[in-house]
file upload09.cif (mmCIF, C-alpha atoms)
data_query
#
loop_
_atom_site.group_PDB
_atom_site.id
_atom_site.type_symbol
_atom_site.label_atom_id
_atom_site.label_comp_id
_atom_site.auth_asym_id
_atom_site.auth_seq_id
_atom_site.Cartn_x
_atom_site.Cartn_y
_atom_site.Cartn_z
ATOM 1 C CA MET A 1 -1.046 -35.681 -2.960
ATOM 2 C CA SER A 2 -0.304 -36.697 0.611
ATOM 3 C CA ILE A 3 -1.545 -35.065 3.787
ATOM 4 C CA ASP A 4 1.886 -33.585 4.557
ATOM 5 C CA GLN A 5 1.834 -31.574 1.349
ATOM 6 C CA VAL A 6 0.899 -27.895 1.344
ATOM 7 C CA LEU A 7 -0.528 -25.755 -1.427
ATOM 8 C CA VAL A 8 0.218 -22.034 -1.273
ATOM 9 C CA ILE A 9 -1.563 -19.725 -3.692
ATOM 10 C CA GLY A 10 0.113 -16.315 -4.027
ATOM 11 C CA THR A 11 3.679 -15.155 -3.409
ATOM 12 C CA GLY A 12 3.158 -11.923 -1.509
ATOM 13 C CA PHE A 13 4.173 -11.677 2.153
ATOM 14 C CA ALA A 14 1.375 -13.920 3.463
ATOM 15 C CA GLY A 15 1.954 -16.702 0.954
ATOM 16 C CA SER A 16 5.753 -16.551 0.978
ATOM 17 C CA ILE A 17 6.081 -16.529 4.764
ATOM 18 C CA MET A 18 3.634 -19.407 5.197
ATOM 19 C CA ALA A 19 5.401 -21.397 2.493
ATOM 20 C CA ARG A 20 8.689 -20.935 4.334
ATOM 21 C CA LYS A 21 7.175 -21.868 7.703
ATOM 22 C CA PHE A 22 5.724 -25.128 6.386
ATOM 23 C CA ALA A 23 8.866 -25.965 4.409
ATOM 24 C CA GLU A 24 11.021 -25.627 7.513
ATOM 25 C CA LYS A 25 8.711 -28.075 9.303
ATOM 26 C CA GLY A 26 9.464 -30.662 6.633
ATOM 27 C CA ASN A 27 6.348 -30.248 4.508
ATOM 28 C CA LYS A 28 6.565 -30.359 0.726
ATOM 29 C CA VAL A 29 5.168 -27.014 -0.420
ATOM 30 C CA LEU A 30 3.787 -26.285 -3.876
ATOM 31 C CA VAL A 31 3.530 -22.550 -4.531
ATOM 32 C CA PHE A 32 1.393 -21.159 -7.344
ATOM 33 C CA GLU A 33 1.576 -17.612 -8.695
ATOM 34 C CA LYS A 34 -0.553 -16.470 -11.620
ATOM 35 C CA ARG A 35 1.807 -13.615 -12.468
ATOM 36 C CA SER A 36 5.151 -14.125 -14.169
ATOM 37 C CA HIS A 37 7.070 -13.143 -11.029
ATOM 38 C CA ILE A 38 7.106 -13.643 -7.266
ATOM 39 C CA GLY A 39 6.344 -10.922 -4.707
ATOM 40 C CA GLY A 40 2.780 -10.004 -5.610
ATOM 41 C CA ASN A 41 2.155 -6.268 -5.678
ATOM 42 C CA MET A 42 5.449 -5.654 -3.874
ATOM 43 C CA TYR A 43 7.472 -6.842 -6.851
ATOM 44 C CA ASP A 44 10.286 -4.494 -7.842
ATOM 45 C CA LYS A 45 13.020 -4.587 -10.469
ATOM 46 C CA LYS A 46 15.749 -2.355 -11.886
ATOM 47 C CA ASP A 47 14.981 -0.428 -15.049
ATOM 48 C CA SER A 48 17.380 0.236 -17.936
ATOM 49 C CA ASN A 49 19.023 3.043 -15.919
ATOM 50 C CA GLY A 50 19.628 0.869 -12.872
ATOM 51 C CA ILE A 51 16.846 2.470 -10.817
ATOM 52 C CA LEU A 52 14.930 0.060 -8.596
ATOM 53 C CA VAL A 53 11.273 0.503 -9.578
ATOM 54 C CA HIS A 54 8.261 -0.489 -7.500
ATOM 55 C CA GLN A 55 6.296 -1.913 -10.401
ATOM 56 C CA TYR A 56 2.882 -1.630 -8.737
ATOM 57 C CA GLY A 57 3.279 1.605 -6.824
ATOM 58 C CA PRO A 58 5.158 2.411 -3.609
ATOM 59 C CA HIS A 59 5.409 -0.098 -0.796
ATOM 60 C CA ILE A 60 6.839 0.953 2.553
ATOM 61 C CA THR A 61 7.968 -1.323 5.373
ATOM 62 C CA HIS A 62 6.937 -0.246 8.853
ATOM 63 C CA PHE A 63 6.505 -2.361 11.972
ATOM 64 C CA LYS A 64 4.787 -2.066 15.331
ATOM 65 C CA ASP A 65 5.984 -5.535 16.312
ATOM 66 C CA LEU A 66 9.721 -6.105 16.769
ATOM 67 C CA ARG A 67 9.242 -9.841 16.126
ATOM 68 C CA ALA A 68 8.080 -9.213 12.553
ATOM 69 C CA TYR A 69 11.106 -7.007 11.885
ATOM 70 C CA GLU A 70 13.496 -9.560 13.357
ATOM 71 C CA TYR A 71 11.929 -12.398 11.362
ATOM 72 C CA LEU A 72 12.215 -10.633 8.004
ATOM 73 C CA SER A 73 15.732 -9.466 8.870
ATOM 74 C CA ASN A 74 16.780 -13.087 8.349
ATOM 75 C CA TYR A 75 16.102 -12.617 4.645
ATOM 76 C CA THR A 76 17.252 -9.083 3.906
ATOM 77 C CA ARG A 77 19.257 -6.178 5.220
ATOM 78 C CA PHE A 78 17.023 -3.269 6.163
ATOM 79 C CA VAL A 79 18.029 0.385 5.997
ATOM 80 C CA PRO A 80 16.290 3.256 7.851
ATOM 81 C CA TYR A 81 13.659 5.124 5.871
ATOM 82 C CA GLN A 82 11.154 7.775 6.984
ATOM 83 C CA HIS A 83 8.314 8.146 4.498
ATOM 84 C CA HIS A 84 7.085 11.656 3.675
ATOM 85 C CA VAL A 85 4.204 12.608 1.404
ATOM 86 C CA ARG A 86 3.439 16.029 -0.056
ATOM 87 C CA ALA A 87 0.320 17.314 -1.799
ATOM 88 C CA ILE A 88 -0.596 20.208 -4.038
ATOM 89 C CA ILE A 89 -3.365 22.265 -2.391
ATOM 90 C CA ASP A 90 -4.349 25.674 -3.738
ATOM 91 C CA GLY A 91 -1.143 25.718 -5.764
ATOM 92 C CA LYS A 92 1.066 25.105 -2.726
ATOM 93 C CA GLU A 93 3.040 21.989 -1.912
ATOM 94 C CA VAL A 94 2.226 20.986 1.658
ATOM 95 C CA PRO A 95 2.814 17.947 3.910
ATOM 96 C CA LEU A 96 0.353 15.074 4.308
ATOM 97 C CA PRO A 97 -1.315 13.725 6.358
ATOM 98 C CA PHE A 98 -2.913 17.110 6.986
ATOM 99 C CA ASN A 99 -1.226 18.298 10.191
ATOM 100 C CA LEU A 100 -0.262 21.419 12.098
ATOM 101 C CA ASN A 101 2.538 22.168 9.636
ATOM 102 C CA THR A 102 0.012 21.987 6.789
ATOM 103 C CA ILE A 103 -2.180 24.522 8.578
ATOM 104 C CA ASP A 104 0.808 26.869 8.909
ATOM 105 C CA SER A 105 1.483 26.506 5.177
ATOM 106 C CA LEU A 106 -2.056 27.230 3.998
ATOM 107 C CA PHE A 107 -3.379 29.931 6.341
ATOM 108 C CA ASP A 108 -2.156 33.301 7.540
ATOM 109 C CA VAL A 109 -0.425 33.366 10.920
ATOM 110 C CA VAL A 110 -3.352 34.643 13.008
ATOM 111 C CA LYS A 111 -5.851 32.209 11.539
ATOM 112 C CA ALA A 112 -3.418 29.288 11.752
ATOM 113 C CA ILE A 113 -2.753 29.928 15.457
ATOM 114 C CA LYS A 114 -6.477 30.109 16.222
ATOM 115 C CA ILE A 115 -7.269 26.868 14.348
ATOM 116 C CA LYS A 116 -4.421 24.982 16.010
ATOM 117 C CA GLU A 117 -5.439 26.159 19.473
ATOM 118 C CA CYS A 118 -9.008 24.995 18.859
ATOM 119 C CA LEU A 119 -7.896 21.584 17.633
ATOM 120 C CA ILE A 120 -5.544 21.016 20.559
ATOM 121 C CA GLU A 121 -8.135 22.173 23.099
ATOM 122 C CA GLU A 122 -10.919 19.937 21.746
ATOM 123 C CA PHE A 123 -9.009 16.798 20.769
ATOM 124 C CA GLY A 124 -5.585 17.014 22.389
ATOM 125 C CA MET A 125 -2.069 17.141 20.998
ATOM 126 C CA GLY A 126 -0.978 14.012 19.178
ATOM 127 C CA ARG A 127 -4.462 12.830 18.226
ATOM 128 C CA LYS A 128 -5.438 11.657 14.747
ATOM 129 C CA VAL A 129 -9.013 12.648 14.037
ATOM 130 C CA PRO A 130 -11.041 11.455 11.003
ATOM 131 C CA ILE A 131 -12.265 14.316 8.857
ATOM 132 C CA LEU A 132 -15.901 13.220 9.184
ATOM 133 C CA GLU A 133 -15.583 13.488 12.979
ATOM 134 C CA LEU A 134 -14.204 17.025 12.690
ATOM 135 C CA ARG A 135 -17.258 18.023 10.660
ATOM 136 C CA LYS A 136 -19.464 17.200 13.658
ATOM 137 C CA SER A 137 -17.609 19.524 16.035
ATOM 138 C CA SER A 138 -19.587 22.240 17.860
ATOM 139 C CA ASN A 139 -16.660 24.627 17.314
ATOM 140 C CA LYS A 140 -17.217 26.879 14.293
ATOM 141 C CA ASP A 141 -13.508 27.231 13.456
ATOM 142 C CA ILE A 142 -12.993 23.455 13.511
ATOM 143 C CA ARG A 143 -16.040 22.909 11.307
ATOM 144 C CA GLU A 144 -14.706 25.476 8.830
ATOM 145 C CA LEU A 145 -11.343 23.712 8.789
ATOM 146 C CA ALA A 146 -13.106 20.383 8.311
ATOM 147 C CA GLU A 147 -14.993 21.715 5.284
ATOM 148 C CA PHE A 148 -11.780 23.121 3.829
ATOM 149 C CA VAL A 149 -9.938 19.826 4.248
ATOM 150 C CA TYR A 150 -12.954 17.871 3.038
ATOM 151 C CA GLU A 151 -13.089 19.853 -0.186
ATOM 152 C CA LYS A 152 -9.369 20.401 -0.823
ATOM 153 C CA VAL A 153 -7.886 17.117 0.388
ATOM 154 C CA PHE A 154 -10.470 14.498 1.081
ATOM 155 C CA TYR A 155 -13.380 14.604 -1.351
ATOM 156 C CA HIS A 156 -11.717 14.326 -4.772
ATOM 157 C CA TYR A 157 -8.978 11.944 -3.657
ATOM 158 C CA THR A 158 -11.413 9.595 -1.908
ATOM 159 C CA THR A 159 -13.895 9.710 -4.763
ATOM 160 C CA LYS A 160 -11.167 8.914 -7.287
ATOM 161 C CA MET A 161 -9.830 6.055 -5.210
ATOM 162 C CA TRP A 162 -13.106 4.346 -4.361
ATOM 163 C CA GLY A 163 -15.564 5.561 -6.983
ATOM 164 C CA LYS A 164 -17.888 6.784 -4.214
ATOM 165 C CA SER A 165 -18.307 9.930 -2.162
ATOM 166 C CA PRO A 166 -16.962 9.731 1.415
ATOM 167 C CA GLU A 167 -20.495 9.744 2.858
ATOM 168 C CA GLU A 168 -21.300 6.553 0.955
ATOM 169 C CA MET A 169 -18.379 4.700 2.476
ATOM 170 C CA ASP A 170 -17.821 2.794 5.693
ATOM 171 C CA PRO A 171 -16.221 4.945 8.443
ATOM 172 C CA ALA A 172 -13.499 2.285 8.752
ATOM 173 C CA VAL A 173 -12.282 3.326 5.303
ATOM 174 C CA THR A 174 -12.668 7.080 5.660
ATOM 175 C CA GLY A 175 -11.003 6.921 9.067
ATOM 176 C CA ARG A 176 -7.771 5.919 7.353
ATOM 177 C CA VAL A 177 -7.228 9.533 6.254
ATOM 178 C CA PRO A 178 -7.310 11.642 9.419
ATOM 179 C CA ILE A 179 -6.053 15.058 10.378
ATOM 180 C CA SER A 180 -2.981 14.709 12.574
ATOM 181 C CA ILE A 181 -2.845 17.159 15.479
ATOM 182 C CA SER A 182 0.920 17.118 15.494
ATOM 183 C CA TYR A 183 4.000 18.680 13.897
ATOM 184 C CA ASP A 184 5.244 15.217 12.920
ATOM 185 C CA ASP A 185 5.302 15.236 9.102
ATOM 186 C CA ARG A 186 6.015 11.534 8.701
ATOM 187 C CA TYR A 187 3.348 9.525 6.923
ATOM 188 C CA PHE A 188 3.793 6.622 9.353
ATOM 189 C CA THR A 189 4.579 6.843 13.054
ATOM 190 C CA ASP A 190 5.360 3.178 13.762
ATOM 191 C CA PRO A 191 8.511 2.665 15.860
ATOM 192 C CA ILE A 192 10.328 0.692 13.130
ATOM 193 C CA GLN A 193 10.433 2.236 9.645
ATOM 194 C CA VAL A 194 12.821 0.693 7.136
ATOM 195 C CA MET A 195 13.260 -0.458 3.550
ATOM 196 C CA PRO A 196 14.932 -3.628 2.244
ATOM 197 C CA LYS A 197 18.298 -2.417 0.969
ATOM 198 C CA TYR A 198 18.280 -4.669 -2.085
ATOM 199 C CA GLY A 199 14.569 -4.455 -2.849
ATOM 200 C CA TYR A 200 11.511 -6.559 -2.128
ATOM 201 C CA THR A 201 11.963 -9.126 -4.898
ATOM 202 C CA LYS A 202 15.278 -10.322 -3.481
ATOM 203 C CA LEU A 203 13.665 -10.583 -0.040
ATOM 204 C CA PHE A 204 10.892 -12.806 -1.438
ATOM 205 C CA LYS A 205 13.395 -14.884 -3.397
ATOM 206 C CA LYS A 206 15.282 -15.690 -0.194
ATOM 207 C CA LEU A 207 12.038 -16.484 1.626
ATOM 208 C CA LEU A 208 11.036 -18.943 -1.075
ATOM 209 C CA THR A 209 14.445 -20.558 -1.579
ATOM 210 C CA HIS A 210 14.165 -23.864 0.255
ATOM 211 C CA ARG A 211 14.586 -27.473 -0.828
ATOM 212 C CA ASN A 212 10.980 -28.234 0.161
ATOM 213 C CA ILE A 213 9.461 -25.387 -1.870
ATOM 214 C CA GLU A 214 8.499 -25.742 -5.519
ATOM 215 C CA ILE A 215 7.246 -22.631 -7.338
ATOM 216 C CA THR A 216 5.082 -22.509 -10.432
ATOM 217 C CA LEU A 217 4.666 -19.107 -12.101
ATOM 218 C CA ASN A 218 2.070 -18.075 -14.704
ATOM 219 C CA GLU A 219 -0.368 -20.514 -13.120
ATOM 220 C CA ASP A 220 -3.874 -19.606 -11.936
ATOM 221 C CA ALA A 221 -4.423 -22.176 -9.203
ATOM 222 C CA ASN A 222 -8.166 -21.462 -9.200
ATOM 223 C CA LYS A 223 -8.373 -23.387 -12.456
ATOM 224 C CA ARG A 224 -7.132 -26.464 -10.606
ATOM 225 C CA LEU A 225 -8.641 -25.848 -7.161
ATOM 226 C CA THR A 226 -12.300 -26.533 -6.289
ATOM 227 C CA LEU A 227 -14.243 -26.283 -3.031
ATOM 228 C CA GLU A 228 -17.208 -28.636 -2.972
ATOM 229 C CA ASN A 229 -19.330 -30.118 -0.152
ATOM 230 C CA GLY A 230 -16.823 -29.061 2.468
ATOM 231 C CA LYS A 231 -13.935 -30.725 0.658
ATOM 232 C CA ILE A 232 -10.974 -29.395 -1.313
ATOM 233 C CA TYR A 233 -10.269 -30.830 -4.749
ATOM 234 C CA PHE A 234 -7.041 -30.284 -6.623
ATOM 235 C CA ASP A 235 -6.839 -31.451 -10.223
ATOM 236 C CA GLY A 236 -10.130 -33.242 -9.654
ATOM 237 C CA LYS A 237 -8.912 -35.291 -6.682
ATOM 238 C CA ILE A 238 -9.604 -34.774 -2.986
ATOM 239 C CA PHE A 239 -6.737 -32.929 -1.332
ATOM 240 C CA ASP A 240 -6.242 -33.687 2.367
ATOM 241 C CA GLY A 241 -3.270 -31.417 2.950
ATOM 242 C CA THR A 242 -3.149 -27.740 3.924
ATOM 243 C CA VAL A 243 -4.118 -24.943 1.564
ATOM 244 C CA ILE A 244 -2.937 -21.367 2.118
ATOM 245 C CA TYR A 245 -4.972 -19.167 -0.203
ATOM 246 C CA THR A 246 -4.098 -15.467 -0.525
ATOM 247 C CA GLY A 247 -5.986 -14.596 -3.700
ATOM 248 C CA ALA A 248 -9.401 -13.066 -4.338
ATOM 249 C CA ILE A 249 -11.905 -14.864 -2.117
ATOM 250 C CA ASP A 250 -14.755 -14.735 -4.635
ATOM 251 C CA ALA A 251 -12.554 -16.353 -7.282
ATOM 252 C CA VAL A 252 -11.809 -19.445 -5.188
ATOM 253 C CA PHE A 253 -15.585 -19.977 -4.896
ATOM 254 C CA LYS A 254 -15.867 -19.661 -8.700
ATOM 255 C CA TYR A 255 -18.039 -16.566 -8.111
ATOM 256 C CA LYS A 256 -20.838 -18.777 -6.776
ATOM 257 C CA PHE A 257 -21.901 -15.945 -4.478
ATOM 258 C CA GLY A 258 -21.267 -13.198 -7.041
ATOM 259 C CA HIS A 259 -18.368 -10.831 -7.724
ATOM 260 C CA LEU A 260 -17.001 -8.575 -4.982
ATOM 261 C CA PRO A 261 -16.749 -4.873 -5.947
ATOM 262 C CA TYR A 262 -12.979 -4.522 -6.074
ATOM 263 C CA ARG A 263 -11.168 -1.348 -7.060
ATOM 264 C CA SER A 264 -7.799 -1.337 -8.759
ATOM 265 C CA LEU A 265 -4.879 0.879 -9.743
ATOM 266 C CA TYR A 266 -3.335 1.363 -13.166
ATOM 267 C CA PHE A 267 0.197 2.669 -13.554
ATOM 268 C CA ARG A 268 2.083 4.889 -15.967
ATOM 269 C CA HIS A 269 5.881 4.743 -15.726
ATOM 270 C CA LYS A 270 8.000 7.621 -16.983
ATOM 271 C CA THR A 271 11.683 8.575 -17.038
ATOM 272 C CA TYR A 272 13.064 12.135 -16.692
ATOM 273 C CA ASN A 273 16.569 13.376 -17.522
ATOM 274 C CA VAL A 274 17.031 15.117 -14.185
ATOM 275 C CA GLY A 275 18.670 14.013 -10.979
ATOM 276 C CA ARG A 276 15.583 14.592 -8.858
ATOM 277 C CA LEU A 277 12.029 15.667 -9.606
ATOM 278 C CA GLN A 278 10.194 15.894 -6.271
ATOM 279 C CA THR A 279 10.852 17.071 -2.734
ATOM 280 C CA SER A 280 9.357 13.844 -1.326
ATOM 281 C CA ALA A 281 9.012 10.300 -2.600
ATOM 282 C CA VAL A 282 5.257 10.669 -3.111
ATOM 283 C CA LEU A 283 3.329 13.699 -4.340
ATOM 284 C CA ASN A 284 -0.469 13.535 -4.002
ATOM 285 C CA TRP A 285 -2.975 15.316 -6.224
ATOM 286 C CA PRO A 286 -6.209 15.647 -4.217
ATOM 287 C CA ASP A 287 -8.000 17.478 -7.028
ATOM 288 C CA ASP A 288 -10.225 16.536 -9.960
ATOM 289 C CA ARG A 289 -7.496 15.231 -12.278
ATOM 290 C CA LEU A 290 -7.807 11.499 -13.047
ATOM 291 C CA SER A 291 -4.575 10.467 -11.331
ATOM 292 C CA THR A 292 -4.090 10.396 -7.575
ATOM 293 C CA ARG A 293 -0.356 10.564 -6.993
ATOM 294 C CA ARG A 294 3.148 10.314 -8.404
ATOM 295 C CA THR A 295 5.997 8.337 -6.880
ATOM 296 C CA GLU A 296 9.671 9.006 -7.569
ATOM 297 C CA ASN A 297 11.322 5.611 -7.259
ATOM 298 C CA LYS A 298 14.825 6.843 -6.393
ATOM 299 C CA LEU A 299 13.570 8.596 -3.277
ATOM 300 C CA LEU A 300 11.976 5.417 -1.933
ATOM 301 C CA VAL A 301 15.099 3.345 -1.948
ATOM 302 C CA CYS A 302 17.745 6.028 -1.443
ATOM 303 C CA GLN A 303 19.815 5.609 -4.615
ATOM 304 C CA PRO A 304 22.118 8.651 -4.664
ATOM 305 C CA ASP A 305 24.596 6.882 -6.946
ATOM 306 C CA VAL A 306 22.180 6.731 -9.885
ATOM 307 C CA PRO A 307 23.196 9.138 -12.733
ATOM 308 C CA LYS A 308 21.283 12.279 -13.685
ATOM 309 C CA VAL A 309 18.065 10.463 -14.461
ATOM 310 C CA THR A 310 14.996 9.601 -12.420
ATOM 311 C CA SER A 311 11.825 7.574 -12.897
ATOM 312 C CA THR A 312 8.265 8.001 -11.685
ATOM 313 C CA ILE A 313 5.007 6.090 -11.379
ATOM 314 C CA VAL A 314 1.669 7.876 -11.776
ATOM 315 C CA GLU A 315 -1.373 6.035 -10.392
ATOM 316 C CA TYR A 316 -4.874 5.982 -11.879
ATOM 317 C CA PRO A 317 -7.591 4.302 -9.825
ATOM 318 C CA GLY A 318 -10.512 2.569 -11.480
ATOM 319 C CA PRO A 319 -12.774 -0.476 -11.464
ATOM 320 C CA TYR A 320 -11.063 -3.838 -11.207
ATOM 321 C CA ASP A 321 -10.792 -5.640 -14.521
ATOM 322 C CA GLU A 322 -9.878 -9.299 -14.082
ATOM 323 C CA LYS A 323 -8.831 -9.575 -17.729
ATOM 324 C CA SER A 324 -6.176 -6.882 -17.295
ATOM 325 C CA LYS A 325 -4.256 -8.896 -14.674
#

call {"tool": "encode", "arguments": {"input": "upload09.cif", "output": "structure tokens"}}
result
Amino acid sequence: MSIDQVLVIGTGFAGSIMARKFAEKGNKVLVFEKRSHIGGNMYDKKDSNGILVHQYGPHITHFKDLRAYEYLSNYTRFVPYQHHVRAIIDGKEVPLPFNLNTIDSLFDVVKAIKIKECLIEEFGMGRKVPILELRKSSNKDIRELAEFVYEKVFYHYTTKMWGKSPEEMDPAVTGRVPISISYDDRYFTDPIQVMPKYGYTKLFKKLLTHRNIEITLNEDANKRLTLENGKIYFDGKIFDGTVIYTGAIDAVFKYKFGHLPYRSLYFRHKTYNVGRLQTSAVLNWPDDRLSTRRTENKLLVCQPDVPKVTSTIVEYPGPYDEKSK
């Protein structure tokens, strides 16, 4: 293989975009994907009822950088989409992330006003504050709210997702689920929030359609790729070209340094003979049931023309099992 050749392992966004970039520069690009399809975890396809299903759970497109949006717009038509998530807490369906509207839904008027005033005074309107930071507040009402949210929203969901209690985890992870001191119910607040009108798979197909790109599916490149003495070997021969690797980092080293403690998600797909099942695309269950959330596919991709049937995905977190992939 010559030095102008490029190996790309994985066909998610990172792999597909890099493959396209190198191909447009004139490089011959060999793309390997161990699954039977392109797109990685963002792969979607229509089911027997014509509903576009996110096969591996919901994926939402949101951008802070206009350049990223403009680049991907070359390969798909985007449509506006504002993502909303609801959760069942104490038998009530309320908005997430936990925000000022959630407080109004769960507490009586007097208590809700007092809690909101305390939050705004201590942290300021518009702030997103990690739950573990709220627990350290000197204000009694804020600490009580923090304990409520910790128990009702945070503890079970986090423990299910990661297999550890929140206190055992890095603050960088727990900080991803803050309380939002705002009335904005949207799950994301990035300036550009859209979805590819025709789905993610078609977007990836256009990215990877180039005369200089060759794709091999159902191929685990780690069986052909070796790192040894600072050199890259492919099929037993030294490879002097560029390698873009987007897979599991411990796998490419043949687990020489051990296995990383990955977590994974397992999915149960179900069809219902109703036009619509949920009030939002995603419904979270932050309780002690095994599953974490349910996604209604139709609501993600705005398919009002689909007949009186809908489909859902229920997610079950658990340890990563390499054999199941």

call {"tool": "resolve_selection", "arguments": {"input": "upload09.cif", "expression": "the PyMOL selection byres ((chain A and resi 240-252) around 8)", "output": "VMD selection string"}}
result
chain A and resid 1 to 10 14 to 15 18 222 225 to 227 232 238 to 239 253 to 260

call {"tool": "closest_residue", "arguments": {"input": "upload09.cif", "among": "A:Lys92, A:Lys140, A:Lys202, A:Arg86", "to": "Gln278 (chain A)", "atoms": "all atoms listed in the file"}}
result
A:Arg86

call {"tool": "closest_residue", "arguments": {"input": "upload09.cif", "among": "A:Leu203, A:Ala146, A:Leu132, A:Val153", "to": "Asp170 (chain A)", "atoms": "only C-alpha atoms"}}
result
A:Leu132

call {"tool": "closest_residue", "arguments": {"input": "upload09.cif", "among": "A:Lys223, A:Lys114, A:Lys206, A:Lys28", "to": "Asn74 (chain A)", "atoms": "only C-alpha atoms"}}
result
A:Lys206

call {"tool": "residues_around", "arguments": {"input": "upload09.cif", "residues": "Thr310 (chain A)", "least_positions_apart": "6", "cutoff": "8 Å", "atoms": "only C-alpha atoms", "output": "VMD selection string"}}
result
chain A and resid 51 271 to 277 296 to 298

call {"tool": "write_last_selection", "arguments": {"input": "upload09.cif", "atoms": "C-alpha atoms", "output": "PDB file, in the coordinates of the input"}}
result
ATOM      1  CA  ILE A  51      16.846   2.470 -10.817  1.00  0.00           C
ATOM      2  CA  THR A 271      11.683   8.575 -17.038  1.00  0.00           C
ATOM      3  CA  TYR A 272      13.064  12.135 -16.692  1.00  0.00           C
ATOM      4  CA  ASN A 273      16.569  13.376 -17.522  1.00  0.00           C
ATOM      5  CA  VAL A 274      17.031  15.117 -14.185  1.00  0.00           C
ATOM      6  CA  GLY A 275      18.670  14.013 -10.979  1.00  0.00           C
ATOM      7  CA  ARG A 276      15.583  14.592  -8.858  1.00  0.00           C
ATOM      8  CA  LEU A 277      12.029  15.667  -9.606  1.00  0.00           C
ATOM      9  CA  GLU A 296       9.671   9.006  -7.569  1.00  0.00           C
ATOM     10  CA  ASN A 297      11.322   5.611  -7.259  1.00  0.00           C
ATOM     11  CA  LYS A 298      14.825   6.843  -6.393  1.00  0.00           C
TER      12      LYS A 298
END

call {"tool": "residues_around", "arguments": {"input": "upload09.cif", "residues": "Lys45 (chain A)", "least_positions_apart": "4", "cutoff": "10 Å", "atoms": "all atoms listed in the file", "output": "number ranges by chain"}}
result
A: 50-55, 198-202

call {"tool": "closest_residue", "arguments": {"input": "upload09.cif", "among": "A:Asp104, A:Asp288, A:Ile131, A:His59", "to": "Val173 (chain A)", "atoms": "only C-alpha atoms"}}
result
A:Ile131

call {"tool": "atom_distance", "arguments": {"input": "upload09.cif", "atom1": "CA of Met195 (chain A)", "atom2": "CA of Pro80 (chain A)"}}
result
6.4 Å

call {"tool": "atom_distance", "arguments": {"input": "upload09.cif", "atom1": "CA of Ile113 (chain A)", "atom2": "CA of Ser137 (chain A)"}}
result
18.1 Å

call {"tool": "closest_residue", "arguments": {"input": "upload09.cif", "among": "A:Arg289, A:His269, A:Lys64, A:Arg127", "to": "Val314 (chain A)", "atoms": "all atoms listed in the file"}}
result
A:His269

call {"tool": "residues_around", "arguments": {"input": "upload09.cif", "residues": "Val194 (chain A)", "least_positions_apart": "3", "cutoff": "7 Å", "atoms": "all atoms listed in the file", "output": "list in words"}}
result
Thr61, His62, Phe78, Val79, Pro80 and Tyr81 of chain A
